[in-house]
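Worksheet: one structure, shown below.
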Amino acid sequence: MGLQKRTVWLDCDPGFDDWLTLLLVCRSPLLHCAGVSVVAGNAPLAVTLGNALRIRALHGLQVPVYGGCERSLMGGSETAQNILGKQGMATLGETLPSTAQKADGMDGVGALLTHLRGQQASQAKTTLVAIGPLTNVAKALQQGARAMQTLDEIVIMGGSTDRGNHTPAAEFNIFADPEAADIVFRSSIPIRMFGLNVCRQVLLTQTHVQEVKSWLGAEAQILGGYLDAYQRIRSSDGLEPMPMYDPVVALWLHAPELFGFQDAPVDIELDGKLTRGMTVCDLRNRAARPINTHIAMRADGDAVMTLLLKQLKKALAS
Ligand code: BDR
Ligand code: CA
């Protein structure tokens, strides 16, 4: 009997770490990626969507890619271009080639809901993997709550049990659209959160970068240049390890035994002058409030990095 693949839908804002995730998810022997919706985040939508299309073309990925929301629910447009550059990702090598390929549509929210309604008819399940601001996901909940309830879980890279990155209190994906995150965390769909606290246990070093750069082939060479620039975000000499964010979710889908979780209530701070966008995780082990989130607390960082490189090498070779 053939292996039953887990169906996933990827919502992302490429972004270099989104690139790695897209590649791992689409080339995984364990997963079927039914579609990719893109959201504004690391850069404005025109840039993140353009990046997604270039990534698909470079690797010849067979997956529909849709544009999604251009602005947060409140109309804002927070990006990470101050850190990542205009393109939402930088390289020390060759630039990701441009492509004439177009998006399969510009209603990513509608495409996700259409996919879920098709799944509903055959009683099949989809896991929604969301690694950008949660605007598309919240809009899908507003437009198709019933279809969204058929998801087996929403797996998020975002938030933190401790300090933030975009602000002292908030992680970027949540800060970019806190009202959307609030809708998602209150949806009663099971949420699995990979926040900064766990991603900071999965560290990319120059040794990893040099290994990728030693691989043969144009795709590996292009990817290696971006990986190098990503690794040097914290220190230009590359000496300080850089946390891996979005790909950690893809690696959990492959090797859940490398992670430890705590179930807890999580609320999104919408009002705080200094804390807007904070994920307030109640880790006190009190039974009084309903639990809405499986929070990733621990990762075997070395094993996760080893797996990342192994999967990446396979993905580039297939
Ligand atoms: C998250 O923010 C983005 O810059 C990354 O792609 C990741 O999804 C990390 O805070
Ligand atoms: Ca991202």
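Quick note on naming: the chains in the structure tokens go A, B, ... in the order shown, residues restart at 1 in each chain, and ligands are numbered from 1 in order of appearance.
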
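When the distance limit is 7 Å and only C-alpha atoms are what count, the residues near Val266 (chain A), minus those fewer than 2 positions from it on the same chain, are Ala264, Ile268, Thr279, Val280, Cys281, Asp282, Asn292 and Thr293 of chain A.
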
Kindly export the residues of the current selection with C-alpha atoms, as a PDB file, in the first residue's frame.
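Heads up, here's the output in part_20.pdb:
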ATOM      1  CA  ALA A 264      -1.660  26.453  27.446  1.00  0.00           C
ATOM      2  CA  ILE A 268      -2.840  38.303  21.821  1.00  0.00           C
ATOM      3  CA  THR A 279       1.580  36.458  22.669  1.00  0.00           C
ATOM      4  CA  VAL A 280       0.608  36.215  26.322  1.00  0.00           C
ATOM      5  CA  CYS A 281       1.192  32.530  27.148  1.00  0.00           C
ATOM      6  CA  ASP A 282      -0.280  31.356  30.425  1.00  0.00           C
ATOM      7  CA  ASN A 292      -6.164  26.879  22.817  1.00  0.00           C
ATOM      8  CA  THR A 293      -2.525  26.199  21.896  1.00  0.00           C
TER       9      THR A 293
END

Shell of 8 Å around ligand 2 (only C-alpha atoms and all ligand atoms), written as a PyMOL selection string: chain A and resi 12-18+41-42+131-133+157+173+245-246

Proximity to ligand 1 - best of A:Ala220, A:Leu309, A:Ala40, A:Met74, only C-alpha atoms and all ligand atoms: A:Ala40

Using only C-alpha atoms: which of A:Val47, A:Val8, A:Val65, A:Ile183 has the shortest distance to Glu153 (chain A): A:Val8

Residue among A:Met148, A:Leu30, A:Leu316, A:Leu92 lying closest to Ala255 (chain A), counting only C-alpha atoms: A:Leu30

Expected answer as a PyMOL selection string: strand (DSSP E) residues in region 114-293 of chain A: chain A and resi 127-130+153-157+191-194+203-204+242-243+259-264+266-268+279-281+293

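With only C-alpha atoms as the atoms that count, the minimum distance from Phe259 (chain A) to the choices A:Ile222, A:Val202, A:Ala288, A:Ile233 is reached by A:Val202.
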
Picked from region 131-314 of chain A by DSSP as alpha helix (DSSP H), as a PyMOL selection string: chain A and resi 135-143+145-148+172-176+178-185+196-199+206-213+218-231+247-254+301-314

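Comparing the minimum interatomic distances between ligand 1 and each of A:Leu283, A:Leu61, A:Leu20, A:Leu73, counting only C-alpha atoms and all ligand atoms, we find that A:Leu20 sits nearest.
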
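Here CA of Gly108 (chain A) stands at a distance of 26.7 Å from CA of Leu312 (chain A).
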
Neighbour list for Asp104 (chain A) as a ChimeraX atom specification, cut-off 9 Å, only C-alpha atoms, skip fewer than 2 positions in-chain: /A:64-67,102,106

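The coordinates place CA of Pro190 (chain A) at 19.1 Å from CA of His115 (chain A).
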
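Shortest atom-to-atom contact with Pro29 (chain A) among A:Glu269, A:Ala315, A:Trp9, A:Gly225: A:Ala315, counting only C-alpha atoms.
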
Distance of CA of His59 (chain A) from CA of Tyr230 (chain A), expressed in Å to one decimal place: 19.6 Å

I want to know what sits within 12 Å of Pro256 (chain A), based on only C-alpha atoms, with residues of the same chain fewer than 6 positions away left out; could you give that as an mmCIF file with N, CA, C and O atoms, in the first residue's frame?
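See out.cif below for the written result:
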data_model
loop_
_atom_site.group_PDB
_atom_site.id
_atom_site.type_symbol
_atom_site.label_atom_id
_atom_site.label_comp_id
_atom_site.auth_asym_id
_atom_site.auth_seq_id
_atom_site.Cartn_x
_atom_site.Cartn_y
_atom_site.Cartn_z
ATOM 1 N N ARG A 192 -0.969 25.128 16.850
ATOM 2 C CA ARG A 192 0.355 24.696 17.302
ATOM 3 C C ARG A 192 1.296 25.862 17.020
ATOM 4 O O ARG A 192 1.409 26.315 15.887
ATOM 5 N N VAL A 248 11.497 25.442 10.841
ATOM 6 C CA VAL A 248 11.327 24.593 12.029
ATOM 7 C C VAL A 248 9.963 23.881 11.976
ATOM 8 O O VAL A 248 9.827 22.718 12.368
ATOM 9 N N VAL A 249 8.970 24.573 11.434
ATOM 10 C CA VAL A 249 7.627 23.974 11.318
ATOM 11 C C VAL A 249 7.671 22.774 10.367
ATOM 12 O O VAL A 249 7.120 21.711 10.657
ATOM 13 N N ALA A 250 8.350 22.952 9.233
ATOM 14 C CA ALA A 250 8.446 21.850 8.257
ATOM 15 C C ALA A 250 9.195 20.670 8.877
ATOM 16 O O ALA A 250 8.853 19.507 8.639
ATOM 17 N N ALA A 296 5.254 24.966 21.319
ATOM 18 C CA ALA A 296 6.559 24.287 21.245
ATOM 19 C C ALA A 296 7.496 24.956 22.243
ATOM 20 O O ALA A 296 7.711 26.170 22.196
ATOM 21 N N ARG A 298 10.520 23.016 23.548
ATOM 22 C CA ARG A 298 11.877 22.473 23.462
ATOM 23 C C ARG A 298 12.121 21.872 22.084
ATOM 24 O O ARG A 298 11.228 21.235 21.498
ATOM 25 N N ALA A 299 13.347 22.072 21.575
ATOM 26 C CA ALA A 299 13.763 21.405 20.342
ATOM 27 C C ALA A 299 15.159 20.851 20.563
ATOM 28 O O ALA A 299 15.968 21.461 21.270
ATOM 29 N N ASP A 300 15.410 19.684 19.979
ATOM 30 C CA ASP A 300 16.782 19.172 19.946
ATOM 31 C C ASP A 300 17.461 19.890 18.776
ATOM 32 O O ASP A 300 17.428 19.439 17.632
ATOM 33 N N ALA A 303 19.959 18.200 16.303
ATOM 34 C CA ALA A 303 19.314 17.172 15.469
ATOM 35 C C ALA A 303 18.412 17.836 14.418
ATOM 36 O O ALA A 303 18.330 17.377 13.280
ATOM 37 N N VAL A 304 17.750 18.920 14.801
ATOM 38 C CA VAL A 304 16.867 19.606 13.850
ATOM 39 C C VAL A 304 17.702 20.215 12.714
ATOM 40 O O VAL A 304 17.352 20.115 11.536
ATOM 41 N N LEU A 307 18.841 17.474 10.382
ATOM 42 C CA LEU A 307 17.721 17.060 9.536
ATOM 43 C C LEU A 307 17.455 18.103 8.452
ATOM 44 O O LEU A 307 17.178 17.763 7.296
#

Within 9 Å of Pro97 (chain A) using only C-alpha atoms, minus same-chain residues under 5 positions, as a PyMOL selection string: chain A and resi 54-55+57-58

Export all heavy atoms of the chosen residues as an mmCIF file, in the first residue's frame?
data_model
loop_
_atom_site.group_PDB
_atom_site.id
_atom_site.type_symbol
_atom_site.label_atom_id
_atom_site.label_comp_id
_atom_site.auth_asym_id
_atom_site.auth_seq_id
_atom_site.Cartn_x
_atom_site.Cartn_y
_atom_site.Cartn_z
ATOM 1 N N ARG A 54 9.291 33.277 -8.116
ATOM 2 C CA ARG A 54 10.684 32.996 -8.522
ATOM 3 C C ARG A 54 11.199 31.711 -7.895
ATOM 4 O O ARG A 54 11.929 30.949 -8.512
ATOM 5 C CB ARG A 54 11.594 34.137 -8.082
ATOM 6 C CG ARG A 54 11.414 35.420 -8.861
ATOM 7 C CD ARG A 54 12.270 36.418 -8.160
ATOM 8 N NE ARG A 54 12.237 37.734 -8.714
ATOM 9 C CZ ARG A 54 13.252 38.583 -8.592
ATOM 10 N NH1 ARG A 54 14.350 38.223 -7.954
ATOM 11 N NH2 ARG A 54 13.184 39.775 -9.084
ATOM 12 N N ILE A 55 10.843 31.502 -6.630
ATOM 13 C CA ILE A 55 11.269 30.276 -5.925
ATOM 14 C C ILE A 55 10.641 29.062 -6.618
ATOM 15 O O ILE A 55 11.311 28.069 -6.895
ATOM 16 C CB ILE A 55 10.844 30.342 -4.430
ATOM 17 C CG1 ILE A 55 11.624 31.429 -3.700
ATOM 18 C CG2 ILE A 55 11.031 28.988 -3.748
ATOM 19 C CD1 ILE A 55 11.000 31.902 -2.390
ATOM 20 N N ALA A 57 9.692 28.819 -9.679
ATOM 21 C CA ALA A 57 10.302 28.624 -11.004
ATOM 22 C C ALA A 57 11.708 28.033 -10.871
ATOM 23 O O ALA A 57 12.075 27.094 -11.589
ATOM 24 C CB ALA A 57 10.346 29.959 -11.739
ATOM 25 N N LEU A 58 12.504 28.549 -9.936
ATOM 26 C CA LEU A 58 13.881 28.068 -9.782
ATOM 27 C C LEU A 58 13.919 26.564 -9.538
ATOM 28 O O LEU A 58 14.722 25.845 -10.123
ATOM 29 C CB LEU A 58 14.575 28.792 -8.623
ATOM 30 C CG LEU A 58 15.997 28.289 -8.310
ATOM 31 C CD1 LEU A 58 16.982 28.760 -9.381
ATOM 32 C CD2 LEU A 58 16.468 28.743 -6.932
#

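The list of residues with at least one atom within 9 Å of Arg71 (chain A), based on only C-alpha atoms and without residues fewer than 2 positions apart in the same chain, reads Val39, Ala40, Gly41, Pro44, Leu45, Cys69, Leu73, Met74, Gly75, Gly76, Ser77, Glu78, Thr135 and Asp177 of chain A.
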
Based on the selection just made, write N, CA, C and O atoms of those residues as an mmCIF file, in the first residue's frame.
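Generated output (again01.cif):
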data_model
loop_
_atom_site.group_PDB
_atom_site.id
_atom_site.type_symbol
_atom_site.label_atom_id
_atom_site.label_comp_id
_atom_site.auth_asym_id
_atom_site.auth_seq_id
_atom_site.Cartn_x
_atom_site.Cartn_y
_atom_site.Cartn_z
ATOM 1 N N VAL A 39 1.106 36.378 1.546
ATOM 2 C CA VAL A 39 0.591 37.529 2.292
ATOM 3 C C VAL A 39 1.708 38.574 2.362
ATOM 4 O O VAL A 39 2.887 38.244 2.248
ATOM 5 N N ALA A 40 1.335 39.836 2.532
ATOM 6 C CA ALA A 40 2.341 40.869 2.782
ATOM 7 C C ALA A 40 2.950 40.614 4.151
ATOM 8 O O ALA A 40 2.259 40.183 5.070
ATOM 9 N N GLY A 41 4.237 40.836 4.297
ATOM 10 C CA GLY A 41 4.868 40.612 5.600
ATOM 11 C C GLY A 41 6.308 41.068 5.547
ATOM 12 O O GLY A 41 6.590 42.263 5.681
ATOM 13 N N PRO A 44 6.298 44.190 1.046
ATOM 14 C CA PRO A 44 4.936 44.340 0.514
ATOM 15 C C PRO A 44 4.546 43.149 -0.367
ATOM 16 O O PRO A 44 5.416 42.442 -0.887
ATOM 17 N N LEU A 45 3.238 42.957 -0.568
ATOM 18 C CA LEU A 45 2.749 41.765 -1.268
ATOM 19 C C LEU A 45 3.379 41.589 -2.655
ATOM 20 O O LEU A 45 3.716 40.465 -3.039
ATOM 21 N N CYS A 69 -3.619 38.878 0.976
ATOM 22 C CA CYS A 69 -3.889 40.220 1.510
ATOM 23 C C CYS A 69 -2.658 41.130 1.422
ATOM 24 O O CYS A 69 -1.550 40.736 1.759
ATOM 25 N N LEU A 73 -5.520 43.662 8.772
ATOM 26 C CA LEU A 73 -6.967 43.881 8.915
ATOM 27 C C LEU A 73 -7.288 45.343 9.218
ATOM 28 O O LEU A 73 -8.314 45.861 8.805
ATOM 29 N N MET A 74 -6.385 46.027 9.922
ATOM 30 C CA MET A 74 -6.624 47.438 10.264
ATOM 31 C C MET A 74 -6.069 48.376 9.195
ATOM 32 O O MET A 74 -6.051 49.586 9.374
ATOM 33 N N GLY A 75 -5.529 47.812 8.107
ATOM 34 C CA GLY A 75 -5.053 48.643 6.998
ATOM 35 C C GLY A 75 -3.575 49.008 7.052
ATOM 36 O O GLY A 75 -3.094 49.782 6.223
ATOM 37 N N GLY A 76 -2.836 48.451 7.995
ATOM 38 C CA GLY A 76 -1.413 48.781 8.119
ATOM 39 C C GLY A 76 -0.545 47.955 7.182
ATOM 40 O O GLY A 76 -1.016 47.001 6.546
ATOM 41 N N SER A 77 0.714 48.342 7.079
ATOM 42 C CA SER A 77 1.644 47.520 6.285
ATOM 43 C C SER A 77 3.030 47.565 6.926
ATOM 44 O O SER A 77 3.896 48.323 6.516
ATOM 45 N N GLU A 78 3.198 46.717 7.931
ATOM 46 C CA GLU A 78 4.474 46.607 8.644
ATOM 47 C C GLU A 78 5.334 45.592 7.898
ATOM 48 O O GLU A 78 4.880 44.491 7.603
ATOM 49 N N THR A 135 -2.981 37.523 8.400
ATOM 50 C CA THR A 135 -4.100 38.228 7.743
ATOM 51 C C THR A 135 -4.927 37.304 6.841
ATOM 52 O O THR A 135 -6.162 37.300 6.912
ATOM 53 N N ASP A 177 0.186 41.956 12.307
ATOM 54 C CA ASP A 177 -1.285 41.977 12.263
ATOM 55 C C ASP A 177 -1.868 41.328 13.523
ATOM 56 O O ASP A 177 -2.406 40.218 13.489
#

Contact residues around Asn197 (chain A) with only C-alpha atoms at 10 Å, ignoring same-chain residues under 4 positions, as a list in words: Gly158, Gly159, Ser160, Thr161, Asp162, Arg163, Gly164, Gln201, Val202, Pro243, Ile295, Ala296, Met297, Arg298 and Ala299 of chain A
